[in-house]
>>> print(open('my_file.pdb').read())   # PDB, C-alpha atoms
ATOM      1  CA  MET X   1     -63.159 -68.062 -83.824
ATOM      2  CA  ALA X   2     -65.767 -70.738 -84.460
ATOM      3  CA  ASP X   3     -66.708 -69.005 -87.706
ATOM      4  CA  ALA X   4     -63.165 -69.095 -89.127
ATOM      5  CA  PRO X   5     -63.361 -72.588 -90.647
ATOM      6  CA  GLU X   6     -66.663 -71.672 -92.342
ATOM      7  CA  GLU X   7     -65.115 -68.500 -93.834
ATOM      8  CA  THR X   8     -62.105 -70.464 -94.993
ATOM      9  CA  GLU X   9     -64.366 -73.076 -96.545
ATOM     10  CA  SER X  10     -66.478 -70.495 -98.402
ATOM     11  CA  GLY X  11     -63.331 -68.698 -99.560
ATOM     12  CA  SER X  12     -61.984 -71.989-100.826
ATOM     13  CA  ARG X  13     -65.224 -72.564-102.722
ATOM     14  CA  ARG X  14     -64.908 -69.169-104.389
ATOM     15  CA  LYS X  15     -61.342 -69.932-105.451
ATOM     16  CA  ARG X  16     -62.422 -73.252-106.919
ATOM     17  CA  GLY X  17     -65.131 -71.566-109.013
ATOM     18  CA  ILE X  18     -64.736 -70.868-112.724
ATOM     19  CA  TYR X  19     -65.284 -67.732-114.764
ATOM     20  CA  LEU X  20     -68.412 -68.007-116.863
ATOM     21  CA  LEU X  21     -67.950 -65.578-119.781
ATOM     22  CA  PRO X  22     -64.668 -66.744-121.366
ATOM     23  CA  ASN X  23     -65.586 -70.391-120.829
ATOM     24  CA  LEU X  24     -68.875 -69.835-122.665
ATOM     25  CA  PHE X  25     -66.854 -68.925-125.756
ATOM     26  CA  THR X  26     -64.673 -71.999-125.224
ATOM     27  CA  THR X  27     -67.832 -74.096-125.019
ATOM     28  CA  GLY X  28     -68.797 -72.510-128.334
ATOM     29  CA  THR X  29     -65.511 -73.758-129.803
ATOM     30  CA  LEU X  30     -66.219 -77.226-128.466
ATOM     31  CA  PHE X  31     -69.768 -77.176-129.830
ATOM     32  CA  ALA X  32     -68.661 -75.970-133.276
ATOM     33  CA  GLY X  33     -66.053 -78.743-133.449
ATOM     34  CA  PHE X  34     -68.595 -81.373-132.428
ATOM     35  CA  TYR X  35     -71.113 -80.056-134.935
ATOM     36  CA  ALA X  36     -68.436 -80.170-137.654
ATOM     37  CA  ILE X  37     -67.923 -83.871-136.894
ATOM     38  CA  ILE X  38     -71.664 -84.538-137.202
ATOM     39  CA  ALA X  39     -71.854 -82.597-140.485
ATOM     40  CA  ALA X  40     -68.796 -84.360-141.929
ATOM     41  CA  THR X  41     -70.192 -87.815-141.147
ATOM     42  CA  GLN X  42     -73.338 -86.775-143.042
ATOM     43  CA  GLY X  43     -71.316 -85.673-146.071
ATOM     44  CA  ARG X  44     -72.056 -81.956-145.540
ATOM     45  CA  PHE X  45     -68.474 -80.807-145.903
ATOM     46  CA  THR X  46     -69.245 -77.146-146.575
ATOM     47  CA  VAL X  47     -71.199 -76.965-143.313
ATOM     48  CA  ALA X  48     -68.436 -78.827-141.468
ATOM     49  CA  SER X  49     -65.804 -76.410-142.802
ATOM     50  CA  ILE X  50     -67.855 -73.352-141.838
ATOM     51  CA  ALA X  51     -68.354 -74.774-138.331
ATOM     52  CA  ILE X  52     -64.603 -75.118-137.872
ATOM     53  CA  PHE X  53     -64.035 -71.530-139.008
ATOM     54  CA  VAL X  54     -66.694 -70.450-136.507
ATOM     55  CA  ALA X  55     -64.701 -72.362-133.877
ATOM     56  CA  MET X  56     -61.677 -70.233-134.805
ATOM     57  CA  LEU X  57     -63.690 -67.106-134.111
ATOM     58  CA  THR X  58     -64.900 -68.276-130.689
ATOM     59  CA  ASP X  59     -61.396 -69.527-129.868
ATOM     60  CA  MET X  60     -59.999 -66.080-130.611
ATOM     61  CA  LEU X  61     -62.693 -64.378-128.546
ATOM     62  CA  ASP X  62     -62.372 -66.495-125.391
ATOM     63  CA  GLY X  63     -58.758 -65.475-124.829
ATOM     64  CA  ARG X  64     -59.378 -61.810-125.552
ATOM     65  CA  VAL X  65     -62.446 -61.727-123.310
ATOM     66  CA  ALA X  66     -60.492 -63.394-120.499
ATOM     67  CA  ARG X  67     -57.697 -60.824-120.772
ATOM     68  CA  LEU X  68     -60.029 -57.840-121.033
ATOM     69  CA  THR X  69     -62.125 -58.927-118.047
ATOM     70  CA  HIS X  70     -59.131 -60.219-116.055
ATOM     71  CA  THR X  71     -60.752 -63.653-115.802
ATOM     72  CA  GLU X  72     -57.812 -65.807-116.938
ATOM     73  CA  SER X  73     -57.440 -69.065-115.032
ATOM     74  CA  ASP X  74     -55.647 -72.397-115.206
ATOM     75  CA  PHE X  75     -59.016 -74.076-115.709
ATOM     76  CA  GLY X  76     -59.732 -71.831-118.686
ATOM     77  CA  ILE X  77     -56.332 -72.620-120.234
ATOM     78  CA  GLN X  78     -56.860 -76.375-120.006
ATOM     79  CA  TYR X  79     -60.488 -76.172-121.147
ATOM     80  CA  ASP X  80     -59.431 -74.041-124.114
ATOM     81  CA  SER X  81     -56.842 -76.639-125.130
ATOM     82  CA  LEU X  82     -59.418 -79.424-124.995
ATOM     83  CA  GLY X  83     -61.777 -77.373-127.146
ATOM     84  CA  ASP X  84     -58.978 -76.676-129.623
ATOM     85  CA  LEU X  85     -58.099 -80.358-129.827
ATOM     86  CA  VAL X  86     -61.686 -81.286-130.667
ATOM     87  CA  ALA X  87     -62.231 -78.491-133.208
ATOM     88  CA  PHE X  88     -58.808 -78.105-134.819
ATOM     89  CA  GLY X  89     -57.468 -81.618-134.299
ATOM     90  CA  LEU X  90     -60.190 -84.266-134.330
ATOM     91  CA  ALA X  91     -62.909 -82.449-136.306
ATOM     92  CA  SER X  92     -60.519 -81.037-138.912
ATOM     93  CA  GLY X  93     -58.670 -84.321-139.429
ATOM     94  CA  LEU X  94     -61.914 -86.273-139.646
ATOM     95  CA  THR X  95     -63.392 -83.783-142.138
ATOM     96  CA  ALA X  96     -60.373 -84.166-144.423
ATOM     97  CA  TYR X  97     -60.512 -87.954-144.069
ATOM     98  CA  LEU X  98     -64.216 -88.299-144.834
ATOM     99  CA  TYR X  99     -64.041 -85.813-147.704
ATOM    100  CA  SER X 100     -61.082 -87.354-149.500
ATOM    101  CA  LEU X 101     -58.666 -89.657-147.701
ATOM    102  CA  ASP X 102     -61.137 -92.483-147.065
ATOM    103  CA  SER X 103     -61.320 -93.063-150.845
ATOM    104  CA  LEU X 104     -57.795 -94.518-150.665
ATOM    105  CA  ALA X 105     -59.411 -97.722-149.358
ATOM    106  CA  TYR X 106     -60.761 -98.364-152.863
ATOM    107  CA  TYR X 107     -57.224 -98.947-154.139
ATOM    108  CA  SER X 108     -55.945-101.355-151.492
ATOM    109  CA  ASP X 109     -56.008-102.093-147.767
ATOM    110  CA  THR X 110     -52.549-100.576-147.386
ATOM    111  CA  ALA X 111     -53.591 -97.383-149.159
ATOM    112  CA  GLY X 112     -56.693 -97.209-146.966
ATOM    113  CA  LYS X 113     -54.544 -97.453-143.853
ATOM    114  CA  LEU X 114     -52.346 -94.632-145.139
ATOM    115  CA  GLY X 115     -55.457 -92.469-145.419
ATOM    116  CA  TRP X 116     -56.645 -92.800-141.841
ATOM    117  CA  LEU X 117     -53.082 -92.830-140.498
ATOM    118  CA  ALA X 118     -52.460 -89.453-142.149
ATOM    119  CA  ALA X 119     -55.592 -88.095-140.455
ATOM    120  CA  PHE X 120     -54.495 -89.614-137.138
ATOM    121  CA  PHE X 121     -51.007 -88.132-137.520
ATOM    122  CA  TYR X 122     -52.563 -84.712-138.036
ATOM    123  CA  MET X 123     -54.742 -85.063-134.927
ATOM    124  CA  ALA X 124     -51.844 -86.345-132.790
ATOM    125  CA  ALA X 125     -49.651 -83.473-134.021
ATOM    126  CA  ALA X 126     -52.360 -81.010-132.971
ATOM    127  CA  ALA X 127     -52.428 -82.587-129.496
ATOM    128  CA  LEU X 128     -48.638 -82.383-129.225
ATOM    129  CA  ARG X 129     -48.646 -78.782-130.441
ATOM    130  CA  LEU X 130     -51.227 -77.790-127.837
ATOM    131  CA  ALA X 131     -49.379 -79.609-125.052
ATOM    132  CA  ARG X 132     -46.105 -77.900-125.975
ATOM    133  CA  PHE X 133     -47.833 -74.521-126.120
ATOM    134  CA  ASN X 134     -49.255 -75.013-122.620
ATOM    135  CA  ILE X 135     -45.893 -75.769-121.040
ATOM    136  CA  THR X 136     -44.145 -72.896-122.866
ATOM    137  CA  ARG X 137     -46.941 -70.365-122.352
ATOM    138  CA  GLY X 138     -45.431 -67.088-121.232
ATOM    139  CA  ALA X 139     -41.916 -68.059-122.346
ATOM    140  CA  PRO X 140     -40.078 -65.541-124.563
ATOM    141  CA  VAL X 141     -40.349 -67.860-127.581
ATOM    142  CA  GLU X 142     -44.157 -67.791-127.378
ATOM    143  CA  LYS X 143     -44.569 -64.029-126.893
ATOM    144  CA  LYS X 144     -43.814 -62.579-130.313
ATOM    145  CA  THR X 145     -43.594 -65.822-132.241
ATOM    146  CA  PHE X 146     -45.209 -69.258-132.138
ATOM    147  CA  LEU X 147     -42.986 -72.323-132.139
ATOM    148  CA  GLY X 148     -44.650 -74.474-134.761
ATOM    149  CA  LEU X 149     -47.787 -73.771-136.786
ATOM    150  CA  PRO X 150     -50.701 -72.986-134.416
ATOM    151  CA  SER X 151     -53.462 -75.604-134.553
ATOM    152  CA  PRO X 152     -56.182 -73.135-135.680
ATOM    153  CA  ALA X 153     -53.992 -72.094-138.627
ATOM    154  CA  ALA X 154     -53.319 -75.743-139.493
ATOM    155  CA  ALA X 155     -57.070 -76.370-139.453
ATOM    156  CA  GLY X 156     -57.628 -73.301-141.638
ATOM    157  CA  LEU X 157     -55.137 -74.652-144.167
ATOM    158  CA  LEU X 158     -56.617 -78.147-144.274
ATOM    159  CA  VAL X 159     -60.314 -77.428-143.905
ATOM    160  CA  GLY X 160     -60.038 -74.340-146.087
ATOM    161  CA  PHE X 161     -58.965 -76.562-148.975
ATOM    162  CA  VAL X 162     -61.818 -78.985-148.251
ATOM    163  CA  TRP X 163     -64.239 -76.052-148.331
ATOM    164  CA  VAL X 164     -62.834 -74.893-151.691
ATOM    165  CA  GLY X 165     -63.188 -78.381-153.150
ATOM    166  CA  ALA X 166     -66.722 -78.815-151.828
ATOM    167  CA  ASP X 167     -67.691 -75.336-153.037
ATOM    168  CA  PHE X 168     -66.529 -76.236-156.557
ATOM    169  CA  GLY X 169     -68.460 -79.491-156.324
ATOM    170  CA  ILE X 170     -65.279 -81.564-156.761
ATOM    171  CA  ASP X 171     -65.412 -85.118-155.456
ATOM    172  CA  GLY X 172     -62.803 -85.615-152.765
ATOM    173  CA  SER X 173     -61.460 -88.775-154.401
ATOM    174  CA  ALA X 174     -60.070 -86.602-157.212
ATOM    175  CA  LEU X 175     -58.068 -84.523-154.721
ATOM    176  CA  VAL X 176     -56.512 -87.311-152.650
ATOM    177  CA  PRO X 177     -52.822 -86.459-153.382
ATOM    178  CA  ILE X 178     -53.302 -82.790-152.459
ATOM    179  CA  VAL X 179     -55.373 -83.493-149.330
ATOM    180  CA  PHE X 180     -52.880 -86.161-148.220
ATOM    181  CA  LEU X 181     -49.924 -83.789-148.633
ATOM    182  CA  LEU X 182     -51.724 -80.932-146.869
ATOM    183  CA  THR X 183     -52.728 -83.206-143.980
ATOM    184  CA  VAL X 184     -49.194 -84.504-143.425
ATOM    185  CA  ALA X 185     -47.557 -81.117-144.037
ATOM    186  CA  ALA X 186     -49.876 -79.367-141.575
ATOM    187  CA  GLY X 187     -49.087 -82.015-138.951
ATOM    188  CA  VAL X 188     -45.328 -81.715-139.510
ATOM    189  CA  LEU X 189     -45.429 -77.912-139.312
ATOM    190  CA  MET X 190     -47.370 -78.031-136.037
ATOM    191  CA  VAL X 191     -44.697 -80.107-134.276
ATOM    192  CA  SER X 192     -41.750 -78.437-136.011
ATOM    193  CA  ASN X 193     -39.477 -75.741-134.584
ATOM    194  CA  VAL X 194     -40.420 -73.343-137.371
ATOM    195  CA  ARG X 195     -41.359 -69.960-135.947
ATOM    196  CA  TYR X 196     -44.503 -68.074-136.892
ATOM    197  CA  GLN X 197     -45.517 -64.501-136.212
ATOM    198  CA  SER X 198     -47.960 -64.424-133.300
ATOM    199  CA  PHE X 199     -49.245 -60.853-133.826
ATOM    200  CA  LYS X 200     -49.528 -60.568-130.033
ATOM    201  CA  ASP X 201     -47.741 -57.232-130.187
ATOM    202  CA  LEU X 202     -50.675 -55.676-132.035
ATOM    203  CA  ASN X 203     -52.558 -53.292-129.766
ATOM    204  CA  PHE X 204     -56.031 -52.569-131.079
ATOM    205  CA  GLY X 205     -56.475 -49.827-128.484
ATOM    206  CA  GLU X 206     -53.756 -47.624-129.986
ATOM    207  CA  ARG X 207     -54.138 -45.087-132.766
ATOM    208  CA  VAL X 208     -53.247 -46.437-136.205
ATOM    209  CA  PRO X 209     -52.862 -44.813-139.643
ATOM    210  CA  PHE X 210     -56.055 -44.463-141.665
ATOM    211  CA  ARG X 211     -54.749 -46.893-144.304
ATOM    212  CA  TYR X 212     -54.996 -49.743-141.775
ATOM    213  CA  ILE X 213     -58.765 -49.269-141.637
ATOM    214  CA  LEU X 214     -58.876 -49.272-145.447
ATOM    215  CA  ILE X 215     -56.865 -52.522-145.585
ATOM    216  CA  MET X 216     -59.170 -54.166-143.042
ATOM    217  CA  LEU X 217     -62.190 -53.063-145.064
ATOM    218  CA  ILE X 218     -60.744 -54.545-148.272
ATOM    219  CA  VAL X 219     -59.960 -57.829-146.523
ATOM    220  CA  PHE X 220     -63.476 -57.953-145.084
ATOM    221  CA  VAL X 221     -65.016 -57.345-148.529
ATOM    222  CA  LEU X 222     -62.838 -60.043-150.130
ATOM    223  CA  ILE X 223     -63.832 -62.596-147.505
ATOM    224  CA  ILE X 224     -67.509 -61.792-147.976
ATOM    225  CA  LEU X 225     -67.192 -62.066-151.781
ATOM    226  CA  ASP X 226     -65.496 -65.465-151.765
ATOM    227  CA  PRO X 227     -65.017 -66.934-148.242
ATOM    228  CA  PRO X 228     -63.583 -70.395-149.061
ATOM    229  CA  ARG X 229     -60.905 -69.295-151.517
ATOM    230  CA  VAL X 230     -59.862 -66.134-149.679
ATOM    231  CA  LEU X 231     -59.609 -67.880-146.308
ATOM    232  CA  PHE X 232     -57.713 -70.839-147.755
ATOM    233  CA  LEU X 233     -55.216 -68.564-149.533
ATOM    234  CA  ALA X 234     -54.752 -66.521-146.341
ATOM    235  CA  PHE X 235     -53.999 -69.586-144.216
ATOM    236  CA  PHE X 236     -51.825 -71.082-146.960
ATOM    237  CA  ALA X 237     -49.770 -67.879-147.064
ATOM    238  CA  TYR X 238     -49.429 -67.894-143.260
ATOM    239  CA  ALA X 239     -48.398 -71.575-143.201
ATOM    240  CA  ALA X 240     -45.820 -70.944-145.932
ATOM    241  CA  SER X 241     -44.466 -67.830-144.205
ATOM    242  CA  GLY X 242     -42.774 -69.877-141.464
ATOM    243  CA  PRO X 243     -40.552 -72.037-143.721
ATOM    244  CA  PHE X 244     -39.969 -69.057-146.040
ATOM    245  CA  MET X 245     -38.661 -66.871-143.214
ATOM    246  CA  ALA X 246     -36.619 -69.768-141.802
ATOM    247  CA  VAL X 247     -34.862 -70.231-145.148
ATOM    248  CA  ARG X 248     -34.344 -66.488-145.391
ATOM    249  CA  ARG X 249     -32.756 -66.344-141.930
ATOM    250  CA  TRP X 250     -30.551 -69.338-142.784
ATOM    251  CA  LYS X 251     -29.308 -67.659-145.955
ATOM    252  CA  LEU X 252     -28.639 -64.421-144.079
ATOM    253  CA  LYS X 253     -26.590 -66.225-141.408
ATOM    254  CA  ARG X 254     -24.679 -68.091-144.091
ATOM    255  CA  ARG X 255     -23.736 -64.825-145.796
ATOM    256  CA  GLN X 256     -22.651 -63.233-142.520
ATOM    257  CA  GLY X 257     -20.708 -66.332-141.546
TER     258      GLY X 257
END
>>> encode(input="my_file.pdb", output="structure tokens")
Amino acid sequence: MADAPEETESGSRRKRGIYLLPNLFTTGTLFAGFYAIIAATQGRFTVASIAIFVAMLTDMLDGRVARLTHTESDFGIQYDSLGDLVAFGLASGLTAYLYSLDSLAYYSDTAGKLGWLAAFFYMAAAALRLARFNITRGAPVEKKTFLGLPSPAAAGLLVGFVWVGADFGIDGSALVPIVFLLTVAAGVLMVSNVRYQSFKDLNFGERVPFRYILIMLIVFVLIILDPPRVLFLAFFAYAASGPFMAVRRWKLKRRQG
């Protein structure tokens, strides 16, 4: 009986431990976001954009690894959200600001404030989107569809355009109207009630037609040939799909009504 408290204490310690493997990928997301911030402050916007896309890859892997190894935990969920906020909120908003929006300060103090406020709005929207996702995780609305544009997709839309501009060698000051609109639009879509396909019903362990492999191969080749433009167009199409389908559903209901 004297050993019971010790066993309880050791058992409690084991329960308070964290799973290493999925959280290593989350740390990778956090590192990539931090590195993107460093690169953006140095004016290396192509490197910053690539770092954020790398963060998307590690963010996708940490969840899948946790599910495959049955190592999901509340700690991992919260840590993942913090990593997402740094990479897809702070780093992405700051990259867009330093690439283009900060040039608004050359026109007037008010215009300069609009620039950093747009970047702040984007970051705050990402935080709100992540908080809402955490409290609705597992709800029917978050199983087959996402309520609001996911923060990684919003970052892909915004940073993808920055990468395209930097790849063309275009000075960000010449793209201020577009970057401003994309920053605000991405923030609005994240906190909106627009639904997006989650693709969670895809099961990669099932047999699929041969044409699916061919499509994946073509997509892979296109990304390798021209990463910035292909990735930006892909995320732009995904971001536009939500409002497009919402309008389509509204028109369908109106006809039936």
>>> atom_distance(input="my_file.pdb", atom1="CA of Thr29 in chain X", atom2="CA of Asn193 in chain X")
26.5 Å
>>> resolve_selection(input="my_file.pdb", expression="the PyMOL selection byres ((chain X and resi 44) around 12)", output="list in words")
Tyr35, Ala36, Ile37, Ile38, Ala39, Ala40, Thr41, Gln42, Gly43, Phe45, Thr46, Val47, Ala48, Ser49, Ile50, Ala51, Thr95, Ala96, Leu98, Tyr99, Val162, Trp163, Ala166, Asp167 and Gly169 of chain X
>>> resolve_selection(input="my_file.pdb", expression="the PyMOL selection byres ((chain X and resi 146-152) around 8)", output="ChimeraX atom specification")
/X:56,84,88-89,126,129-130,141-145,153-156,186,189-198,239,242
>>> atom_distance(input="my_file.pdb", atom1="CA of Thr183 in chain X", atom2="CA of Tyr122 in chain X")
6.1 Å
>>> atom_distance(input="my_file.pdb", atom1="CA of Asp171 in chain X", atom2="CA of Tyr97 in chain X")
12.7 Å
>>> resolve_selection(input="my_file.pdb", expression="the PyMOL selection byres ((chain X and resi 21) around 12)", output="VMD selection string")
chain X and resid 18 to 20 22 to 28 58 61 to 72 76
>>> residues_around(input="my_file.pdb", residues="Val86 in chain X", least_positions_apart="4", cutoff="8 Å", atoms="all atoms listed in the file", output="MDAnalysis selection string")
chainID X and resid 30 33:34 82 90:91
>>> residues_around(input="my_file.pdb", residues="Leu231 in chain X", least_positions_apart="5", cutoff="10 Å", atoms="all atoms listed in the file", output="list in words")
Phe53, Gly156, Leu157, Val159, Gly160, Phe161, Trp163, Val164, Leu222, Ile223, Asp226, Phe236 and Ala237 of chain X
>>> closest_residue(input="my_file.pdb", among="X:Val188, X:Ala131, X:Ile218, X:Leu233", to="Gln78 in chain X", atoms="only C-alpha atoms")
X:Ala131
>>> closest_residue(input="my_file.pdb", among="X:Ser92, X:Phe75, X:Arg137, X:Ser103", to="Ala174 in chain X", atoms="all atoms listed in the file")
X:Ser103
>>> residues_around(input="my_file.pdb", residues="Ser100 in chain X", least_positions_apart="5", cutoff="7 Å", atoms="all atoms listed in the file", output="ChimeraX atom specification")
/X:172-173,175-176,179
>>> closest_residue(input="my_file.pdb", among="X:Trp250, X:Phe121, X:Phe232, X:Tyr107", to="Gly165 in chain X", atoms="all atoms listed in the file")
X:Phe232
>>> closest_residue(input="my_file.pdb", among="X:Phe31, X:Ser73, X:Val247, X:Asp80", to="Phe133 in chain X", atoms="all atoms listed in the file")
X:Asp80
>>> build_atoms(input="my_file.pdb", residues="range 115-129 of chain X", atoms="N, CA and C atoms", output="CSV table (one decimal), in the coordinates of the input")
chain,number,residue,atom,x,y,z
X,115,GLY,N,-54.5,-93.6,-145.5
X,115,GLY,CA,-55.5,-92.5,-145.4
X,115,GLY,C,-55.8,-92.1,-144.0
X,116,TRP,N,-56.2,-93.1,-143.2
X,116,TRP,CA,-56.6,-92.8,-141.8
X,116,TRP,C,-55.5,-92.6,-140.9
X,117,LEU,N,-54.3,-93.1,-141.3
X,117,LEU,CA,-53.1,-92.8,-140.5
X,117,LEU,C,-52.6,-91.4,-140.7
X,118,ALA,N,-52.8,-90.9,-141.9
X,118,ALA,CA,-52.5,-89.5,-142.1
X,118,ALA,C,-53.4,-88.6,-141.3
X,119,ALA,N,-54.7,-88.9,-141.3
X,119,ALA,CA,-55.6,-88.1,-140.5
X,119,ALA,C,-55.3,-88.2,-139.0
X,120,PHE,N,-54.9,-89.4,-138.5
X,120,PHE,CA,-54.5,-89.6,-137.1
X,120,PHE,C,-53.2,-88.8,-136.8
X,121,PHE,N,-52.3,-88.9,-137.7
X,121,PHE,CA,-51.0,-88.1,-137.5
X,121,PHE,C,-51.3,-86.6,-137.3
X,122,TYR,N,-52.2,-86.1,-138.2
X,122,TYR,CA,-52.6,-84.7,-138.0
X,122,TYR,C,-53.2,-84.4,-136.7
X,123,MET,N,-54.1,-85.3,-136.2
X,123,MET,CA,-54.7,-85.1,-134.9
X,123,MET,C,-53.7,-85.2,-133.8
X,124,ALA,N,-52.9,-86.2,-133.8
X,124,ALA,CA,-51.8,-86.3,-132.8
X,124,ALA,C,-50.9,-85.2,-132.8
X,125,ALA,N,-50.5,-84.6,-133.9
X,125,ALA,CA,-49.7,-83.5,-134.0
X,125,ALA,C,-50.3,-82.3,-133.4
X,126,ALA,N,-51.6,-82.1,-133.6
X,126,ALA,CA,-52.4,-81.0,-133.0
X,126,ALA,C,-52.3,-81.1,-131.5
X,127,ALA,N,-52.5,-82.4,-130.9
X,127,ALA,CA,-52.4,-82.6,-129.5
X,127,ALA,C,-51.0,-82.2,-128.9
X,128,LEU,N,-50.0,-82.7,-129.7
X,128,LEU,CA,-48.6,-82.4,-129.2
X,128,LEU,C,-48.4,-80.9,-129.3
X,129,ARG,N,-48.9,-80.2,-130.3
X,129,ARG,CA,-48.6,-78.8,-130.4
X,129,ARG,C,-49.3,-78.0,-129.3
